[in-house]
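Undergrad: Sharing a structure below in structure tokens format, with a few things to ask.
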Amino acid sequence: MFFSSVFSQSANDNCSNATPLTLGTSCSTTSFTFTSNTLETGAANPILCNSVTANKDGWYTFTTGASTTSITLEATTNRPWSASIYSGNCSGFTLVDCDNASGNTAITLTPTVSPNTTYYVRINRTNTGTNSWSGNVCVYDSTPSVSYCTFTSSSSSYWISNFTTTGGSTNINNSTTYSTNGYGDYTSQIVTQTAGLSFNFSVTMDSGTHGINIFVDWNNDGDFADTGEKVYASGSYVSSASGTITIPGTATSGNYRMRVVTNYFSTDPSACGSTTYTEAEDYTIQVAPLTPCSGTPTGGSVTVSPATGNPGSTYNVSATGYTIGAGLTYQWQSNTNSGDGQMWVVLLQHIQTLQHKQLRL
């Protein structure tokens, strides 16, 4: 598919009017001709690539998918130029990748990116010519595909009859019969949650008792063998299982594969391989990006009892009148020099639900 547009002063002359590019899996070229474009002079006037001089620009924007970790930008123009990719927004940018070139020379950029994130592309003309300049640009998802270890079963006697999640912003409720060769690919079904939070699950078997394990490939390397990737283990033969899976606080936004495995003859079924009287089902966990914060929390008032004491004595500190939010972390700090704002020392850190603490100095 080929798009073409010609402007005297293009609509995407400024960041605020950046032209959206669709992020596909191959290059779908958008062509441009800029005649009277000027240089961005608003709040978003980011650092130019390799400190080149620029006198004209055009802006594009794209948003990565839930599993996108790498993109490719391909572009060319008929004048000396540069191409830059930025994260952030029109009020402030961080340079992700860039390059500059002479006229009629193509630029290819292949930066690592974050899933579910909006980026901006800036095309700069780097000579002082006033005539029109033209070219084309495309951007596409070049994230390497991940091949997962296979799972097969030689018996169709037992299977997972239902897998359900609750507590996510989207959830799964999947009732099935036996999957061909003992493996069901249900990765199109997604449970969504934010890093650091959790969701509930339940697994029901059609009959009999089984060992049940659940794995999540937290580093997206195609296996379930890394530390922390077995997120549930029944430890015994059960007819059903339920529990809670917590998203690691370090997990970046994007998609992660979850594998539910059952085995009639083992209390500790493996995530991969070929066996009998077993079944495995794959699903997707989508870690949602954090919602931007707004405003400033209220610290409240702190009470110390007793107000004075000797070294080695015990005292209580508590806070009232403060505001809290889900997932926030608070710290108790002390300062022995009230006139020096740099002397604060962390005494202990605790989660939002801890309102009272006894300390000893």
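Residue names in the structure tokens use chain letters A, B, ... in the order shown, residue numbers from 1 in each chain, and ligand numbers from 1 in the order shown.
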Output as JSON, numbers by chain all residues of range 20-236 of chain A that backbone DSSP marks as helix (DSSP H, G or I).

TA: {"A": [49, 50, 51, 180, 181, 182]}

Undergrad: Any chance you could export the current selection's N, CA, C and O atoms as a PDB file, in the first residue's frame?

TA:
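Output saved as part.pdb:
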```pdb
ATOM      1  N   CYS A  49      19.903  15.463  15.971  1.00  0.00           N
ATOM      2  CA  CYS A  49      20.771  14.297  15.841  1.00  0.00           C
ATOM      3  C   CYS A  49      22.215  14.718  15.591  1.00  0.00           C
ATOM      4  O   CYS A  49      22.505  15.462  14.641  1.00  0.00           O
ATOM      5  N   ASN A  50      23.115  14.248  16.430  1.00  0.00           N
ATOM      6  CA  ASN A  50      24.547  14.512  16.278  1.00  0.00           C
ATOM      7  C   ASN A  50      24.854  15.999  16.143  1.00  0.00           C
ATOM      8  O   ASN A  50      25.825  16.402  15.486  1.00  0.00           O
ATOM      9  N   SER A  51      23.986  16.831  16.759  1.00  0.00           N
ATOM     10  CA  SER A  51      24.182  18.285  16.801  1.00  0.00           C
ATOM     11  C   SER A  51      24.209  18.936  15.416  1.00  0.00           C
ATOM     12  O   SER A  51      24.847  19.969  15.205  1.00  0.00           O
ATOM     13  N   THR A 180      -6.177 -31.258  20.820  1.00  0.00           N
ATOM     14  CA  THR A 180      -5.440 -32.169  19.942  1.00  0.00           C
ATOM     15  C   THR A 180      -4.004 -32.332  20.427  1.00  0.00           C
ATOM     16  O   THR A 180      -3.311 -31.344  20.685  1.00  0.00           O
ATOM     17  N   ASN A 181      -3.583 -33.591  20.589  1.00  0.00           N
ATOM     18  CA  ASN A 181      -2.230 -33.930  21.061  1.00  0.00           C
ATOM     19  C   ASN A 181      -1.923 -33.364  22.447  1.00  0.00           C
ATOM     20  O   ASN A 181      -0.757 -33.237  22.834  1.00  0.00           O
ATOM     21  N   GLY A 182      -2.970 -33.022  23.181  1.00  0.00           N
ATOM     22  CA  GLY A 182      -2.773 -32.599  24.563  1.00  0.00           C
ATOM     23  C   GLY A 182      -2.289 -31.178  24.741  1.00  0.00           C
ATOM     24  O   GLY A 182      -1.859 -30.806  25.839  1.00  0.00           O
TER      25      GLY A 182
END
```

Undergrad: Write out as a PyMOL selection string which residues come within 10 Å of Val304 in chain A when counting only C-alpha atoms, dropping same-chain ones fewer than 3 positions away.

TA: chain A and resi 307-308+315-319+358

Undergrad: Keeping C-alpha atoms for every residue in the selection just given, could you write it to a file as a short mmCIF file (atom, residue, chain, number, x, y, z; two decimals), in the first residue's frame?

TA:
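Output file out05.cif is given in full below:
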```
data_model
loop_
_atom_site.label_atom_id
_atom_site.label_comp_id
_atom_site.auth_asym_id
_atom_site.auth_seq_id
_atom_site.Cartn_x
_atom_site.Cartn_y
_atom_site.Cartn_z
CA ALA A 307 8.72 13.55 72.21
CA THR A 308 12.12 13.16 73.89
CA TYR A 315 9.46 5.60 70.80
CA ASN A 316 6.40 5.44 68.55
CA VAL A 317 5.77 7.46 65.38
CA SER A 318 2.46 7.66 63.57
CA ALA A 319 0.93 9.74 60.78
CA GLN A 358 7.77 1.44 66.68
#
```

Undergrad: Show me a table, sorted first by chain and then by increasing residue number, of the residues of range 89-190 of chain A having an atom at most 12 Å from range 28-35 of chain A, each with its shortest atom pair and the distance in Å to one decimal, counting only C-alpha atoms and written as JSON lines.

TA:
```
{"residue": "A:Ile123", "atom": "CA", "partner": "A:Phe32", "partner_atom": "CA", "distance": 10.4}
{"residue": "A:Asn124", "atom": "CA", "partner": "A:Phe34", "partner_atom": "CA", "distance": 10.7}
{"residue": "A:Arg125", "atom": "CA", "partner": "A:Phe34", "partner_atom": "CA", "distance": 9.9}
{"residue": "A:Gly129", "atom": "CA", "partner": "A:Thr35", "partner_atom": "CA", "distance": 10.6}
{"residue": "A:Thr130", "atom": "CA", "partner": "A:Thr35", "partner_atom": "CA", "distance": 7.9}
{"residue": "A:Asn131", "atom": "CA", "partner": "A:Thr35", "partner_atom": "CA", "distance": 6.4}
{"residue": "A:Ser132", "atom": "CA", "partner": "A:Thr35", "partner_atom": "CA", "distance": 4.1}
{"residue": "A:Trp133", "atom": "CA", "partner": "A:Phe34", "partner_atom": "CA", "distance": 5.4}
{"residue": "A:Ser134", "atom": "CA", "partner": "A:Thr33", "partner_atom": "CA", "distance": 4.1}
{"residue": "A:Gly135", "atom": "CA", "partner": "A:Phe32", "partner_atom": "CA", "distance": 5.5}
{"residue": "A:Asn136", "atom": "CA", "partner": "A:Ser31", "partner_atom": "CA", "distance": 4.0}
{"residue": "A:Val137", "atom": "CA", "partner": "A:Thr30", "partner_atom": "CA", "distance": 5.4}
{"residue": "A:Cys138", "atom": "CA", "partner": "A:Thr29", "partner_atom": "CA", "distance": 4.8}
{"residue": "A:Val139", "atom": "CA", "partner": "A:Ser28", "partner_atom": "CA", "distance": 7.6}
{"residue": "A:Tyr140", "atom": "CA", "partner": "A:Ser28", "partner_atom": "CA", "distance": 8.0}
{"residue": "A:Asp141", "atom": "CA", "partner": "A:Ser28", "partner_atom": "CA", "distance": 11.3}
```

Undergrad: If you keep N, CA and C atoms, can you produce a file of those selected residues as a PDB file, in the first residue's frame?

TA:
```pdb
ATOM      1  N   ILE A 123      11.731  14.304  10.867  1.00  0.00           N
ATOM      2  CA  ILE A 123      12.533  14.364   9.648  1.00  0.00           C
ATOM      3  C   ILE A 123      13.045  15.801   9.502  1.00  0.00           C
ATOM      4  N   ASN A 124      14.375  15.988   9.540  1.00  0.00           N
ATOM      5  CA  ASN A 124      14.963  17.323   9.445  1.00  0.00           C
ATOM      6  C   ASN A 124      15.704  17.518   8.127  1.00  0.00           C
ATOM      7  N   ARG A 125      15.568  18.687   7.562  1.00  0.00           N
ATOM      8  CA  ARG A 125      16.445  19.081   6.458  1.00  0.00           C
ATOM      9  C   ARG A 125      17.638  19.814   7.065  1.00  0.00           C
ATOM     10  N   GLY A 129      18.927  25.220   2.013  1.00  0.00           N
ATOM     11  CA  GLY A 129      18.114  25.418   0.821  1.00  0.00           C
ATOM     12  C   GLY A 129      16.680  25.777   1.155  1.00  0.00           C
ATOM     13  N   THR A 130      16.041  26.534   0.269  1.00  0.00           N
ATOM     14  CA  THR A 130      14.653  26.956   0.480  1.00  0.00           C
ATOM     15  C   THR A 130      13.676  26.272  -0.473  1.00  0.00           C
ATOM     16  N   ASN A 131      14.207  25.475  -1.397  1.00  0.00           N
ATOM     17  CA  ASN A 131      13.314  24.784  -2.331  1.00  0.00           C
ATOM     18  C   ASN A 131      12.665  23.586  -1.651  1.00  0.00           C
ATOM     19  N   SER A 132      11.727  22.965  -2.344  1.00  0.00           N
ATOM     20  CA  SER A 132      11.002  21.841  -1.736  1.00  0.00           C
ATOM     21  C   SER A 132      11.919  20.637  -1.573  1.00  0.00           C
ATOM     22  N   TRP A 133      11.524  19.768  -0.672  1.00  0.00           N
ATOM     23  CA  TRP A 133      12.262  18.512  -0.466  1.00  0.00           C
ATOM     24  C   TRP A 133      11.252  17.404  -0.231  1.00  0.00           C
ATOM     25  N   SER A 134      11.602  16.220  -0.682  1.00  0.00           N
ATOM     26  CA  SER A 134      10.637  15.121  -0.643  1.00  0.00           C
ATOM     27  C   SER A 134      11.344  13.820  -0.295  1.00  0.00           C
ATOM     28  N   GLY A 135      10.546  12.829   0.004  1.00  0.00           N
ATOM     29  CA  GLY A 135      11.094  11.525   0.340  1.00  0.00           C
ATOM     30  C   GLY A 135      10.002  10.583   0.776  1.00  0.00           C
ATOM     31  N   ASN A 136      10.360   9.537   1.504  1.00  0.00           N
ATOM     32  CA  ASN A 136       9.389   8.579   2.014  1.00  0.00           C
ATOM     33  C   ASN A 136       9.879   8.005   3.331  1.00  0.00           C
ATOM     34  N   VAL A 137       8.944   7.512   4.105  1.00  0.00           N
ATOM     35  CA  VAL A 137       9.266   6.974   5.419  1.00  0.00           C
ATOM     36  C   VAL A 137       8.324   5.810   5.718  1.00  0.00           C
ATOM     37  N   CYS A 138       8.827   4.818   6.420  1.00  0.00           N
ATOM     38  CA  CYS A 138       7.979   3.743   6.939  1.00  0.00           C
ATOM     39  C   CYS A 138       8.563   3.273   8.266  1.00  0.00           C
ATOM     40  N   VAL A 139       7.721   2.709   9.086  1.00  0.00           N
ATOM     41  CA  VAL A 139       8.156   2.141  10.361  1.00  0.00           C
ATOM     42  C   VAL A 139       7.368   0.860  10.577  1.00  0.00           C
ATOM     43  N   TYR A 140       8.055  -0.185  11.048  1.00  0.00           N
ATOM     44  CA  TYR A 140       7.363  -1.462  11.242  1.00  0.00           C
ATOM     45  C   TYR A 140       7.952  -2.220  12.420  1.00  0.00           C
ATOM     46  N   ASP A 141       7.161  -3.148  12.938  1.00  0.00           N
ATOM     47  CA  ASP A 141       7.535  -3.972  14.082  1.00  0.00           C
ATOM     48  C   ASP A 141       8.532  -5.030  13.618  1.00  0.00           C
TER      49      ASP A 141
END
```

Undergrad: For each of A:Ser253, A:Gln193, A:Thr165, A:Thr278, take the minimum atom-to-atom distance to Gly211 in chain A, counting only C-alpha atoms, then give the residue where this is smallest.

TA: A:Thr278

Undergrad: I need the residues in range 139-285 of chain A that are strand (DSSP E or B) according to DSSP; give them as an NGL selection string.

TA: :A and (139-141 or 151-153 or 160-166 or 170 or 173-175 or 183-194 or 198-205 or 210-216 or 230-233 or 238 or 240-246 or 254-263 or 273-275 or 278-285)

Undergrad: Restricting the calculation to only C-alpha atoms, which member of A:Thr110, A:Val121, A:Ser234, A:Asn104 is positioned closest to Leu21 in chain A?

TA: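 So, comparing all the options, the nearest one is A:Val121.
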
Undergrad: Which residue gives the smallest distance to Asn219 in chain A among A:Thr177, A:Thr250, A:Asn263, A:Ser239, with only C-alpha atoms counted?

TA: A:Thr250
